[in-house]
Structure formats: C-alpha cells, structure tokens
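Novice: Could you have a look at this structure, given as structure tokens, before my questions?
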Number of protein chains: 2
Amino acid sequence: MVRWQPDSRGRLEQAALALYGERGFENTTVAEIAERAGLTERTFFRHFADKREVLFGGAGLLQGLMVSAVAGAPATAAPIDAVMAALTAAGNLLQQRRDFARQRHAVIVANAELRERELIKMATLASALADALRGRGVTDPAASLTAEAGVAVFRVAFERWVEAADPSDLPSVMRSSFDELKAVTAGE
Amino acid sequence: MVRWQPDSRGRLEQAALALYGERGFENTTVAEIAERAGLTERTFFRHFADKREVLFGGAGLLQGLMVSAVAGAPATAAPIDAVMAALTAAGNLLQQRRDFARQRHAVIVANAELRERELIKMATLASALADALRGRGVTDPAASLTAEAGVAVFRVAFERWVEAADPSDLPSVMRSSFDELKAVTAGE
C-alpha cells in the first residue's frame, strides 16, 4: 500500500504544527521540523523564511482574497455587505483547512509573541479592508468603522468555530455573529 | 514673575514627549529626558520603569475607569449602553489632556514597536470590557462583540479627534461615531 505523501510544503507545515503543539513554538527548531518531515533544512528555507512564517505565511493570501471580495461586490451593495462578502470568502477558505486552523490557533494562544503577531495581522487586515471600501467611494469614518466591525465579527466568529467541538460551517458562524453584532449595536 | 513648575512626573512627561517628537522615540535616552526636565535619572526611574512607560503608564488607569463605568451602569442598561458609558468616561478623561494625547499619538504613529504596543493595549482593553459585561450577566458572543464594537468606536473616534485641527469634544465624537457604527451595521 502506498501512503499518500503531501508536497514538501505541506509536509513541513504538518511537521511544524505537530512539534509546536508537542513542545511549544519557542522550543522547536527548524532542524527538528525538517527532520520530522524527512526533508532538509535547505528545503524548509525554500518554502519559509523562518519558523514563524509557517503560521503567518497564509496571511497575505487571506487578505488578498478578502480585499478582492470587497472590491468585487456589486456596486449597489452597502459597505457592510461588501465586508460580509469578504468574510464569507475567508470563511470558505478556512473551512477547508479546519485541522490546520485548530492546530495553528492552539499554538498562537500559547505564545505571547505569536498573539502579538496575530493582532498586527488583524490590524493590517482592517486597514486593507478600509482602503478597499474607500476604493468603492465609502467615506470616513464609515469606511474605518465598517472595516473594524467586520474584523471584530471575523475574530469572534473564528474563535467560536475553531474552539467548538462540532461547529457549524464557518461562513454560517460569521453570518450569525454579524446578526448578533447588529442586534447588540441596536441596543438589544 | 514665577513660572509655574509642574510636578516632577509632569515635567518628565513633557520633556520626554518633546524629545520623542524632535528626534524620535528610538533616538531618545532617559539621560536626555532627565536633563531636559532639569531632574536626575534616578528621579525618572522613580516615576517610570523605562522610556516606553511615559507613553503607556496611563493605560491601567484608563482601563480601570472604563471597566468601572461598565460595572456601574444601571442594571437595566443594554450592554452597548454600558460600553458607551465607558467610552464617555474615557472621553472625559482624555479631553482634559488633549495636548498630551496629540503629542503621544504622533510619537506612536511614527514607531512600529509602539504601534504594536498600542494594539496590545487595545486588545487588553477589549478583553477587560468583555469580562466586565460577563460580570453583568451578558453571555457570549454578545459580550465579546459588544466589547470589540466599543473598542472599534473608541479607536476611530479618538483618531478623528486627535487629528482634527478644531475638533468637537471627545465624548461627542464618540457618540457620533457610535451612531455611525449603528448606521453601517444596519446596512445604511
């Protein structure tokens, strides 16, 4: 029986997340990741700049996808609907990688430096979404507030989904979290 | 004519902010701050652990004030109104120190490490407000979403106020930013 072998990048990712989970991010070396994956350090560095990039290398892709969804929403869509389209796109992408998302989340929660890095990623995402809204002619403060509200929904929904034993699909959790935000801001 | 001399802590703050503005946070030493204030380094370290604490030493006070406002809101107040009470309390405090707030903001915007520290401060504030709401019996995800929405309004309102040449008072800017958030989440 031939066992399926993921590509080098995927094998390095799996090995890194397993090791970060077992012994902590700070106690794992690139040499150990490469060894666990049955690859060389040189191969590791062809895919990732450092061991942190295993966790954050996908941020650019996610942000690009979300910005495109805002830009590509129908011209008649309200700003919040353009942002919801971005959240749905992100939800569909992350939904396909739930195991990775869960492992990654556990590693980040356990490490202060990684939690800070995640905050910076989210702030960068909020700025990029606000810029995309301005590109649609939305003025400030509506552009910033809509983007910040969108990122708040994203974070809260993602945490619910990633921590739930048997969650609904992420785009649905995003939608219900958004409805909840609407209800709380309306004073309900 | 006797010139009014603020207390040592105030003089150190003024000297630090002036120097951070003139030559950058990273290029200013504690020795220079003390010299500019006409005080000793020892006096500086009686008031601040390091030069960064001149900028972040007030975070605990601000957060404490906001958490108390959430806890002390009438039992009948909706969660978002409890958070708005916290924003108003913060607005009244910061309003009295607009010059400090402006100088501090300019220094933080110019330095990546300080921007990160400010993000952490805001995330810590959001967690503290969510905890205060849970203390009022608000369940999740409403508690997290309300707290995140409140911090989004705080940040956007604070930036508008601190960057405006001739702004309205900060509590009013908070209130109008909140009305704007309500409008954008309602899809207007």
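Chain identifiers are assigned as A, B, and so on, following the order in which chains appear in the structure tokens; residues are numbered from 1 within each chain, and ligands are numbered from 1 in order of appearance.
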Using only C-alpha atoms, determine which residues of chain A fall within 8 Å of chain B; present them as a PyMOL selection string.

Specialist: chain A and resi 78-81+116+119-120+123+141-142+144-146+148-149+152-153+156+177+180-182+184-188

Novice: Excluding Leu39 of chain A and residues on its chain fewer than 4 positions from it, collect all residues at most 9 Å away from it, counting only C-alpha atoms, and give them as a ChimeraX atom specification.

Specialist: /A:8,11-12,33-35,43-44

Novice: Using only C-alpha atoms, which of B:Ser68, B:Ser168, B:Thr76, B:Thr29 sits nearest Asp50 of chain B?

Specialist: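 The closest residue to Asp50 of chain B is B:Thr29.
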
Novice: Within segment 18-188 of chain B, find each residue whose DSSP state, derived from the backbone, is alpha helix (DSSP H), and express the selection as a short mmCIF file (atom, residue, chain, number, x, y, z; two decimals) with N, CA and C atoms, in the first residue's frame.

Specialist:
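File produced: part-v1.cif:
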data_model
loop_
_atom_site.label_atom_id
_atom_site.label_comp_id
_atom_site.auth_asym_id
_atom_site.auth_seq_id
_atom_site.Cartn_x
_atom_site.Cartn_y
_atom_site.Cartn_z
N ALA B 18 8.43 65.99 24.21
CA ALA B 18 9.10 66.97 23.36
C ALA B 18 10.28 66.31 22.63
N LEU B 19 11.08 65.54 23.36
CA LEU B 19 12.25 64.89 22.75
C LEU B 19 11.84 63.80 21.76
N TYR B 20 10.85 62.99 22.10
CA TYR B 20 10.38 61.94 21.18
C TYR B 20 9.92 62.60 19.87
N GLY B 21 9.26 63.74 20.00
CA GLY B 21 8.77 64.46 18.81
C GLY B 21 9.91 65.04 17.98
N GLU B 22 10.93 65.55 18.67
CA GLU B 22 12.05 66.21 17.96
C GLU B 22 12.97 65.22 17.28
N ARG B 23 13.33 64.14 18.00
CA ARG B 23 14.38 63.26 17.46
C ARG B 23 13.95 61.80 17.32
N VAL B 30 16.98 58.06 28.37
CA VAL B 30 16.46 58.51 29.66
C VAL B 30 17.31 59.66 30.20
N ALA B 31 18.63 59.59 29.99
CA ALA B 31 19.52 60.66 30.47
C ALA B 31 19.12 62.00 29.86
N GLU B 32 18.79 61.97 28.56
CA GLU B 32 18.40 63.22 27.90
C GLU B 32 17.06 63.75 28.42
N ILE B 33 16.14 62.84 28.69
CA ILE B 33 14.84 63.27 29.22
C ILE B 33 15.02 63.93 30.58
N ALA B 34 15.81 63.29 31.45
CA ALA B 34 16.04 63.84 32.78
C ALA B 34 16.72 65.21 32.68
N GLU B 35 17.71 65.32 31.80
CA GLU B 35 18.43 66.59 31.66
C GLU B 35 17.47 67.69 31.19
N ARG B 36 16.66 67.38 30.19
CA ARG B 36 15.71 68.37 29.67
C ARG B 36 14.73 68.83 30.75
N ALA B 37 14.36 67.88 31.63
CA ALA B 37 13.41 68.20 32.69
C ALA B 37 14.10 68.88 33.88
N GLU B 41 18.34 61.13 36.51
CA GLU B 41 17.85 59.84 36.00
C GLU B 41 17.17 59.05 37.11
N ARG B 42 17.72 59.18 38.31
CA ARG B 42 17.14 58.47 39.45
C ARG B 42 15.69 58.90 39.67
N THR B 43 15.44 60.18 39.51
CA THR B 43 14.06 60.68 39.66
C THR B 43 13.19 60.10 38.55
N PHE B 44 13.73 60.04 37.32
CA PHE B 44 12.97 59.43 36.22
C PHE B 44 12.53 58.02 36.63
N PHE B 45 13.48 57.24 37.11
CA PHE B 45 13.16 55.83 37.40
C PHE B 45 12.31 55.66 38.67
N ARG B 46 12.14 56.74 39.42
CA ARG B 46 11.16 56.67 40.50
C ARG B 46 9.73 56.75 39.95
N HIS B 47 9.60 57.36 38.77
CA HIS B 47 8.26 57.54 38.18
C HIS B 47 7.93 56.56 37.07
N GLU B 53 7.25 53.57 29.20
CA GLU B 53 6.17 53.72 30.19
C GLU B 53 5.66 55.15 30.28
N VAL B 54 6.45 56.12 29.81
CA VAL B 54 5.93 57.50 29.76
C VAL B 54 4.69 57.53 28.87
N LEU B 55 4.67 56.68 27.85
CA LEU B 55 3.57 56.66 26.88
C LEU B 55 2.44 55.71 27.30
N PHE B 56 2.78 54.66 28.05
CA PHE B 56 1.78 53.62 28.34
C PHE B 56 1.43 53.50 29.82
N ALA B 59 -2.33 53.55 30.79
CA ALA B 59 -3.27 52.56 30.23
C ALA B 59 -4.10 51.87 31.31
N GLY B 60 -3.44 51.56 32.43
CA GLY B 60 -4.13 50.88 33.52
C GLY B 60 -5.24 51.74 34.11
N LEU B 61 -4.94 53.02 34.28
CA LEU B 61 -5.93 53.96 34.82
C LEU B 61 -7.13 54.06 33.88
N LEU B 62 -6.85 54.22 32.60
CA LEU B 62 -7.91 54.34 31.60
C LEU B 62 -8.79 53.09 31.59
N GLN B 63 -8.13 51.93 31.58
CA GLN B 63 -8.89 50.67 31.55
C GLN B 63 -9.72 50.49 32.83
N GLY B 64 -9.13 50.83 33.97
CA GLY B 64 -9.84 50.72 35.24
C GLY B 64 -11.08 51.60 35.26
N LEU B 65 -10.93 52.80 34.73
CA LEU B 65 -12.04 53.75 34.68
C LEU B 65 -13.16 53.20 33.79
N MET B 66 -12.78 52.61 32.66
CA MET B 66 -13.78 52.11 31.71
C MET B 66 -14.49 50.87 32.25
N VAL B 67 -13.72 49.99 32.88
CA VAL B 67 -14.31 48.79 33.48
C VAL B 67 -15.30 49.17 34.60
N SER B 68 -14.92 50.16 35.41
CA SER B 68 -15.82 50.63 36.47
C SER B 68 -17.10 51.21 35.88
N ALA B 69 -16.98 51.92 34.77
CA ALA B 69 -18.17 52.51 34.16
C ALA B 69 -19.11 51.42 33.65
N VAL B 70 -18.56 50.34 33.08
CA VAL B 70 -19.41 49.22 32.63
C VAL B 70 -20.09 48.57 33.84
N ALA B 71 -19.29 48.31 34.87
CA ALA B 71 -19.84 47.66 36.07
C ALA B 71 -20.89 48.53 36.74
N GLY B 72 -20.68 49.85 36.69
CA GLY B 72 -21.56 50.76 37.42
C GLY B 72 -22.76 51.26 36.63
N PRO B 79 -26.23 46.15 27.04
CA PRO B 79 -24.77 46.02 27.02
C PRO B 79 -24.08 47.16 26.26
N ILE B 80 -24.60 47.53 25.11
CA ILE B 80 -23.94 48.58 24.33
C ILE B 80 -23.99 49.92 25.06
N ASP B 81 -25.04 50.15 25.86
CA ASP B 81 -25.12 51.40 26.60
C ASP B 81 -24.14 51.41 27.77
N ALA B 82 -23.90 50.24 28.36
CA ALA B 82 -22.87 50.14 29.40
C ALA B 82 -21.50 50.44 28.80
N VAL B 83 -21.26 49.94 27.57
CA VAL B 83 -19.97 50.21 26.92
C VAL B 83 -19.88 51.69 26.52
N MET B 84 -20.97 52.27 26.08
CA MET B 84 -20.96 53.70 25.74
C MET B 84 -20.68 54.55 26.97
N ALA B 85 -21.15 54.11 28.14
CA ALA B 85 -20.83 54.83 29.39
C ALA B 85 -19.32 54.81 29.63
N ALA B 86 -18.69 53.66 29.32
CA ALA B 86 -17.24 53.54 29.46
C ALA B 86 -16.51 54.48 28.49
N LEU B 87 -17.01 54.56 27.26
CA LEU B 87 -16.39 55.43 26.26
C LEU B 87 -16.54 56.91 26.65
N THR B 88 -17.66 57.24 27.22
CA THR B 88 -17.87 58.62 27.65
C THR B 88 -16.92 58.98 28.79
N ALA B 89 -16.77 58.04 29.74
CA ALA B 89 -15.84 58.26 30.86
C ALA B 89 -14.41 58.45 30.34
N ALA B 90 -14.01 57.61 29.40
CA ALA B 90 -12.67 57.71 28.81
C ALA B 90 -12.53 59.04 28.06
N GLY B 91 -13.58 59.40 27.34
CA GLY B 91 -13.57 60.65 26.57
C GLY B 91 -13.40 61.85 27.47
N ASN B 92 -14.08 61.86 28.61
CA ASN B 92 -13.96 62.98 29.54
C ASN B 92 -12.54 63.09 30.10
N LEU B 93 -11.94 61.94 30.38
CA LEU B 93 -10.57 61.95 30.91
C LEU B 93 -9.58 62.47 29.87
N LEU B 94 -9.65 61.89 28.67
CA LEU B 94 -8.67 62.26 27.63
C LEU B 94 -8.86 63.70 27.15
N GLN B 95 -10.10 64.15 27.15
CA GLN B 95 -10.42 65.51 26.74
C GLN B 95 -9.60 66.55 27.52
N ARG B 98 -5.66 66.95 26.03
CA ARG B 98 -5.58 66.87 24.57
C ARG B 98 -4.15 67.09 24.05
N ASP B 99 -3.40 68.04 24.64
CA ASP B 99 -2.04 68.28 24.16
C ASP B 99 -1.18 67.02 24.33
N PHE B 100 -1.28 66.42 25.51
CA PHE B 100 -0.55 65.18 25.75
C PHE B 100 -0.99 64.11 24.76
N ALA B 101 -2.30 63.96 24.57
CA ALA B 101 -2.82 62.93 23.67
C ALA B 101 -2.33 63.13 22.24
N ARG B 102 -2.27 64.38 21.80
CA ARG B 102 -1.82 64.66 20.42
C ARG B 102 -0.35 64.33 20.24
N GLN B 103 0.45 64.78 21.19
CA GLN B 103 1.89 64.53 21.07
C GLN B 103 2.17 63.03 21.14
N ARG B 104 1.50 62.37 22.09
CA ARG B 104 1.68 60.93 22.26
C ARG B 104 1.30 60.19 20.99
N HIS B 105 0.17 60.56 20.41
CA HIS B 105 -0.32 59.91 19.19
C HIS B 105 0.71 60.03 18.05
N ALA B 106 1.26 61.23 17.89
CA ALA B 106 2.24 61.45 16.81
C ALA B 106 3.47 60.57 17.01
N VAL B 107 3.91 60.42 18.26
CA VAL B 107 5.09 59.59 18.55
C VAL B 107 4.80 58.12 18.24
N ILE B 108 3.62 57.67 18.61
CA ILE B 108 3.27 56.26 18.43
C ILE B 108 3.13 55.92 16.95
N VAL B 109 2.47 56.79 16.20
CA VAL B 109 2.27 56.56 14.77
C VAL B 109 3.63 56.42 14.04
N ALA B 112 7.09 51.63 14.78
CA ALA B 112 6.40 50.34 14.62
C ALA B 112 6.22 49.60 15.95
N GLU B 113 7.27 49.60 16.77
CA GLU B 113 7.20 48.89 18.06
C GLU B 113 6.11 49.50 18.95
N LEU B 114 5.99 50.83 18.92
CA LEU B 114 4.97 51.50 19.74
C LEU B 114 3.57 51.25 19.18
N ARG B 115 3.46 51.19 17.87
CA ARG B 115 2.16 50.87 17.28
C ARG B 115 1.71 49.48 17.72
N GLU B 116 2.65 48.53 17.77
CA GLU B 116 2.31 47.18 18.23
C GLU B 116 1.86 47.20 19.69
N ARG B 117 2.61 47.94 20.48
CA ARG B 117 2.27 48.04 21.91
C ARG B 117 0.86 48.63 22.07
N GLU B 118 0.52 49.59 21.24
CA GLU B 118 -0.81 50.23 21.30
C GLU B 118 -1.90 49.22 20.91
N LEU B 119 -1.61 48.37 19.93
CA LEU B 119 -2.57 47.32 19.55
C LEU B 119 -2.81 46.36 20.71
N ILE B 120 -1.73 46.00 21.40
CA ILE B 120 -1.86 45.09 22.55
C ILE B 120 -2.71 45.75 23.63
N LYS B 121 -2.46 47.04 23.85
CA LYS B 121 -3.23 47.78 24.85
C LYS B 121 -4.72 47.74 24.50
N MET B 122 -5.05 47.93 23.22
CA MET B 122 -6.45 47.94 22.80
C MET B 122 -7.08 46.54 22.92
N ALA B 123 -6.31 45.51 22.61
CA ALA B 123 -6.83 44.14 22.72
C ALA B 123 -7.08 43.79 24.19
N THR B 124 -6.16 44.24 25.06
CA THR B 124 -6.33 44.02 26.50
C THR B 124 -7.57 44.74 27.01
N LEU B 125 -7.78 45.95 26.51
CA LEU B 125 -8.97 46.73 26.88
C LEU B 125 -10.24 46.01 26.45
N ALA B 126 -10.25 45.49 25.22
CA ALA B 126 -11.44 44.78 24.73
C ALA B 126 -11.75 43.56 25.61
N SER B 127 -10.71 42.81 25.99
CA SER B 127 -10.92 41.65 26.87
C SER B 127 -11.48 42.07 28.23
N ALA B 128 -10.94 43.17 28.76
CA ALA B 128 -11.39 43.64 30.07
C ALA B 128 -12.85 44.10 30.01
N LEU B 129 -13.23 44.76 28.93
CA LEU B 129 -14.62 45.22 28.80
C LEU B 129 -15.55 44.02 28.62
N ALA B 130 -15.11 43.01 27.85
CA ALA B 130 -15.94 41.80 27.68
C ALA B 130 -16.13 41.10 29.02
N ASP B 131 -15.05 41.02 29.83
CA ASP B 131 -15.17 40.43 31.17
C ASP B 131 -16.16 41.21 32.03
N ALA B 132 -16.09 42.54 31.96
CA ALA B 132 -16.99 43.38 32.76
C ALA B 132 -18.45 43.15 32.33
N LEU B 133 -18.65 42.95 31.02
CA LEU B 133 -20.01 42.66 30.55
C LEU B 133 -20.48 41.30 31.05
N ARG B 134 -19.58 40.30 31.01
CA ARG B 134 -19.93 38.97 31.55
C ARG B 134 -20.32 39.10 33.02
N GLY B 135 -19.63 39.98 33.73
CA GLY B 135 -19.94 40.25 35.13
C GLY B 135 -21.35 40.82 35.32
N ALA B 142 -22.33 37.80 22.57
CA ALA B 142 -22.71 39.21 22.70
C ALA B 142 -21.67 40.02 23.47
N ALA B 143 -21.13 39.43 24.56
CA ALA B 143 -20.17 40.17 25.38
C ALA B 143 -18.93 40.55 24.56
N SER B 144 -18.34 39.57 23.84
CA SER B 144 -17.15 39.87 23.04
C SER B 144 -17.46 40.86 21.93
N LEU B 145 -18.59 40.65 21.25
CA LEU B 145 -18.91 41.52 20.12
C LEU B 145 -19.17 42.95 20.58
N THR B 146 -19.85 43.11 21.69
CA THR B 146 -20.14 44.46 22.18
C THR B 146 -18.84 45.16 22.59
N ALA B 147 -17.97 44.41 23.26
CA ALA B 147 -16.69 44.98 23.68
C ALA B 147 -15.84 45.36 22.46
N GLU B 148 -15.78 44.47 21.47
CA GLU B 148 -14.99 44.75 20.26
C GLU B 148 -15.57 45.96 19.51
N ALA B 149 -16.89 46.02 19.44
CA ALA B 149 -17.53 47.16 18.77
C ALA B 149 -17.21 48.45 19.51
N GLY B 150 -17.24 48.40 20.85
CA GLY B 150 -16.92 49.58 21.64
C GLY B 150 -15.49 50.05 21.40
N VAL B 151 -14.56 49.10 21.35
CA VAL B 151 -13.16 49.48 21.14
C VAL B 151 -12.97 50.01 19.71
N ALA B 152 -13.69 49.47 18.76
CA ALA B 152 -13.63 49.99 17.37
C ALA B 152 -14.08 51.45 17.35
N VAL B 153 -15.18 51.74 18.02
CA VAL B 153 -15.68 53.12 18.08
C VAL B 153 -14.66 54.01 18.79
N PHE B 154 -14.11 53.51 19.89
CA PHE B 154 -13.11 54.27 20.65
C PHE B 154 -11.94 54.66 19.75
N ARG B 155 -11.39 53.68 19.02
CA ARG B 155 -10.21 53.95 18.19
C ARG B 155 -10.50 54.93 17.07
N VAL B 156 -11.63 54.71 16.39
CA VAL B 156 -11.95 55.57 15.25
C VAL B 156 -12.25 57.00 15.74
N ALA B 157 -13.01 57.11 16.83
CA ALA B 157 -13.36 58.43 17.38
C ALA B 157 -12.10 59.14 17.89
N PHE B 158 -11.24 58.40 18.59
CA PHE B 158 -10.03 59.00 19.13
C PHE B 158 -9.15 59.56 18.00
N GLU B 159 -9.01 58.79 16.93
CA GLU B 159 -8.18 59.26 15.81
C GLU B 159 -8.75 60.51 15.15
N ARG B 160 -10.08 60.52 14.97
CA ARG B 160 -10.71 61.72 14.38
C ARG B 160 -10.45 62.94 15.24
N TRP B 161 -10.62 62.74 16.54
CA TRP B 161 -10.49 63.85 17.49
C TRP B 161 -9.04 64.33 17.59
N VAL B 162 -8.11 63.40 17.65
CA VAL B 162 -6.72 63.77 17.90
C VAL B 162 -6.08 64.38 16.66
N GLU B 163 -6.60 64.02 15.50
CA GLU B 163 -6.03 64.54 14.25
C GLU B 163 -6.74 65.79 13.75
N LEU B 170 -14.35 65.19 22.80
CA LEU B 170 -14.19 63.76 22.51
C LEU B 170 -15.45 62.93 22.84
N PRO B 171 -16.12 63.15 23.97
CA PRO B 171 -17.33 62.35 24.20
C PRO B 171 -18.37 62.51 23.08
N SER B 172 -18.50 63.72 22.51
CA SER B 172 -19.43 63.90 21.39
C SER B 172 -18.97 63.15 20.15
N VAL B 173 -17.66 63.15 19.90
CA VAL B 173 -17.15 62.43 18.73
C VAL B 173 -17.39 60.92 18.92
N MET B 174 -17.25 60.44 20.17
CA MET B 174 -17.52 59.02 20.46
C MET B 174 -18.99 58.71 20.15
N ARG B 175 -19.85 59.58 20.61
CA ARG B 175 -21.28 59.36 20.41
C ARG B 175 -21.63 59.35 18.91
N SER B 176 -21.08 60.30 18.15
CA SER B 176 -21.44 60.34 16.73
C SER B 176 -20.80 59.16 15.97
N SER B 177 -19.62 58.72 16.42
CA SER B 177 -19.01 57.54 15.78
C SER B 177 -19.84 56.30 16.08
N PHE B 178 -20.38 56.23 17.28
CA PHE B 178 -21.23 55.09 17.61
C PHE B 178 -22.50 55.10 16.76
N ASP B 179 -23.10 56.29 16.59
CA ASP B 179 -24.30 56.37 15.73
C ASP B 179 -23.98 55.91 14.30
N GLU B 180 -22.76 56.28 13.87
CA GLU B 180 -22.31 55.87 12.53
C GLU B 180 -22.15 54.34 12.45
N LEU B 181 -21.60 53.74 13.50
CA LEU B 181 -21.45 52.28 13.52
C LEU B 181 -22.82 51.59 13.43
N LYS B 182 -23.76 52.14 14.18
CA LYS B 182 -25.12 51.61 14.16
C LYS B 182 -25.69 51.68 12.74
N ALA B 183 -25.47 52.82 12.09
CA ALA B 183 -25.98 53.01 10.72
C ALA B 183 -25.30 52.04 9.75
N VAL B 184 -23.97 51.88 9.85
CA VAL B 184 -23.30 50.99 8.89
C VAL B 184 -23.66 49.52 9.14
N THR B 185 -23.79 49.11 10.39
CA THR B 185 -24.16 47.70 10.61
C THR B 185 -25.59 47.44 10.19
#

Novice: Quick one: pull the distance between atom CA of Thr28 of chain A and atom CA of Asp7 of chain A, Å, one decimal.

Specialist: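 Atom CA of Thr28 of chain A sits 21.5 Å away from atom CA of Asp7 of chain A.
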
Novice: Would you mind reading off the distance between atom CA of Gln96 of chain A and atom CA of Gly58 of chain A, one decimal, in Å?

Specialist: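 It comes out at 13.6 Å.
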
Novice: Can you work out the spacing between atom CA of Phe48 of chain A and atom CA of Gln14 of chain A in Å, to one decimal?

Specialist: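 Between atom CA of Phe48 of chain A and atom CA of Gln14 of chain A the gap works out to 13.4 Å.
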
Novice: If we count only C-alpha atoms and set the cut-off at 9 Å, which residues sit around Asn111 of chain A, ignoring sequence neighbours fewer than 5 positions away in its own chain? Please answer as a compact mmCIF listing (two decimals) with C-alpha atoms, in the first residue's frame.

Specialist:
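Here's the written file around20.txt:
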# COMPACT_ATOMS: atom_id res chain seq x y z
CA GLY A 24 5.88 24.66 22.21
CA PHE A 25 6.74 27.06 19.39
CA GLU A 26 9.70 28.54 21.27
CA GLU A 116 1.00 39.97 19.23
